[in-house]
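Chemist: Sharing a structure, written as structure tokens. Questions coming.
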Amino acid sequence: MHNACVPDQLRRHDPAPCVQVDLRDGIETGFAVLKDIRGNTQFLLIPTVRISGIENAVILAPNAPNYFAIAWEARTYIDEALHRTLRRDDVGLVVNSIRSRTQDQLHIHVDCIRPEVREALREHELSIGSRWAPLDEYLFGHRYMAM
């Protein structure tokens with residue numbers, strides 16, 4: 001992404017291989033949206049500056065971009081891929097923890113949510129607040145946090 005999407009956007013005003021590169025406020029606060037190689041509807045929101053992961057304090061700075069809000073807006077790419085508009089609770093944002101990621105770059109997965117995950121979230125919606133907290137149950141053999 002850093003070696004292809006951003007240079008292509010800067011040189012040719014073409015975000016390829018990404019579907020979007022936004023540098024309007026500068027590269028330090030920019031982002032790219034990349035179609036993931038997995039699935040037909042999974043996209044990745046990636047900051048254009050190197051941020052190791054969700055635990056990096058830089059994303060909590062007062063002037064930091066709200067990458068989650070930007071990722072939420074990127075759900076329109078799913079709608080385009082499906083040729084229909086999904087309901088809000090059919091889309092999810094996922095961030096890999098430091099123990100489960102393979103890249104040293106923050107990226108937010110934007111994709112359709114599995115029905116069993118949607119049901120688990122609905123069952124626990126009263127305990128899901130505005131801060132990260134563990135879900136009360138395991139999903140697919142893993143422990144997750146939600147907010």
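As shown in the structure tokens, the chain order sets the letters A, B, ...; within each chain, residues go from 1, and ligands are also counted from 1 in the order they appear.
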Set the distance at 12 Å and use only C-alpha atoms: which residues neighbour Phe140 of chain A once local chain neighbours fewer than 5 positions away are removed? I'd like the list as a compact mmCIF listing (two decimals) with all heavy atoms, in the first residue's frame.
Modeler:
# COMPACT_ATOMS: atom_id res chain seq x y z
N ARG A 114 -20.88 -12.08 9.87
CA ARG A 114 -21.50 -13.40 9.84
C ARG A 114 -22.77 -13.39 10.71
O ARG A 114 -22.79 -12.73 11.75
CB ARG A 114 -20.52 -14.44 10.36
CG ARG A 114 -19.32 -14.61 9.45
CD ARG A 114 -18.26 -15.42 10.10
NE ARG A 114 -18.54 -16.83 9.92
CZ ARG A 114 -17.63 -17.78 10.14
NH1 ARG A 114 -16.43 -17.47 10.57
NH2 ARG A 114 -17.95 -19.04 9.96
N GLU A 116 -24.04 -15.46 12.82
CA GLU A 116 -23.85 -15.89 14.20
C GLU A 116 -23.11 -14.83 15.04
O GLU A 116 -23.34 -14.71 16.24
CB GLU A 116 -23.17 -17.26 14.29
CG GLU A 116 -21.88 -17.38 13.52
CD GLU A 116 -22.03 -17.86 12.09
OE1 GLU A 116 -22.87 -17.32 11.34
OE2 GLU A 116 -21.28 -18.75 11.70
N VAL A 117 -22.26 -14.05 14.40
CA VAL A 117 -21.60 -12.95 15.10
C VAL A 117 -22.60 -11.83 15.37
O VAL A 117 -22.64 -11.28 16.47
CB VAL A 117 -20.39 -12.42 14.28
CG1 VAL A 117 -19.81 -11.17 14.91
CG2 VAL A 117 -19.33 -13.50 14.14
N ALA A 120 -24.68 -12.87 18.30
CA ALA A 120 -23.93 -12.78 19.57
C ALA A 120 -23.81 -11.32 20.01
O ALA A 120 -23.96 -11.01 21.20
CB ALA A 120 -22.54 -13.40 19.40
Chemist: With only C-alpha atoms as the counted atoms, please give the residues lying no more than 12 Å from Ala64 of chain A, apart from itself and same-chain residues fewer than 2 positions off, as a PyMOL selection string.
Modeler: chain A and resi 25+28-31+47+49+51+56-62+66-70
Chemist: I'd like the interatomic distance between atom CA of Arg50 of chain A and atom CA of Ala81 of chain A, to a tenth of an Å.
Modeler: 28.1 Å
Chemist: Nearest residue to Gln20 of chain A out of A:Asn3, A:Ser97, A:Asn40, A:Thr48, using only C-alpha atoms?
Modeler: A:Thr48
Chemist: Could you pull the residues within 8 Å of Cys18 of chain A, counting only C-alpha atoms, minus those fewer than 6 positions along the same chain, as a PyMOL selection string?
Modeler: chain A and resi 1+5+32-35
Chemist: Could the residues in this selection be saved with N, CA and C atoms as a PDB file, in the first residue's frame?
Modeler:
ATOM      1  N   MET A   1       0.831  -1.191   0.000  1.00  0.00           N
ATOM      2  CA  MET A   1       0.000   0.000   0.000  1.00  0.00           C
ATOM      3  C   MET A   1       0.875   1.253   0.000  1.00  0.00           C
ATOM      4  N   CYS A   5      -0.031   2.385  -3.672  1.00  0.00           N
ATOM      5  CA  CYS A   5      -1.223   3.232  -3.706  1.00  0.00           C
ATOM      6  C   CYS A   5      -0.896   4.714  -3.544  1.00  0.00           C
ATOM      7  N   ALA A  32      -5.922   5.006   3.079  1.00  0.00           N
ATOM      8  CA  ALA A  32      -6.209   4.303   1.829  1.00  0.00           C
ATOM      9  C   ALA A  32      -7.213   3.199   2.130  1.00  0.00           C
ATOM     10  N   VAL A  33      -8.011   2.876   1.127  1.00  0.00           N
ATOM     11  CA  VAL A  33      -8.925   1.743   1.210  1.00  0.00           C
ATOM     12  C   VAL A  33      -8.479   0.754   0.141  1.00  0.00           C
ATOM     13  N   LEU A  34      -8.207  -0.452   0.586  1.00  0.00           N
ATOM     14  CA  LEU A  34      -7.693  -1.501  -0.292  1.00  0.00           C
ATOM     15  C   LEU A  34      -8.664  -2.669  -0.281  1.00  0.00           C
ATOM     16  N   LYS A  35      -8.985  -3.206  -1.451  1.00  0.00           N
ATOM     17  CA  LYS A  35      -9.780  -4.433  -1.520  1.00  0.00           C
ATOM     18  C   LYS A  35      -8.889  -5.567  -1.048  1.00  0.00           C
TER      19      LYS A  35
END
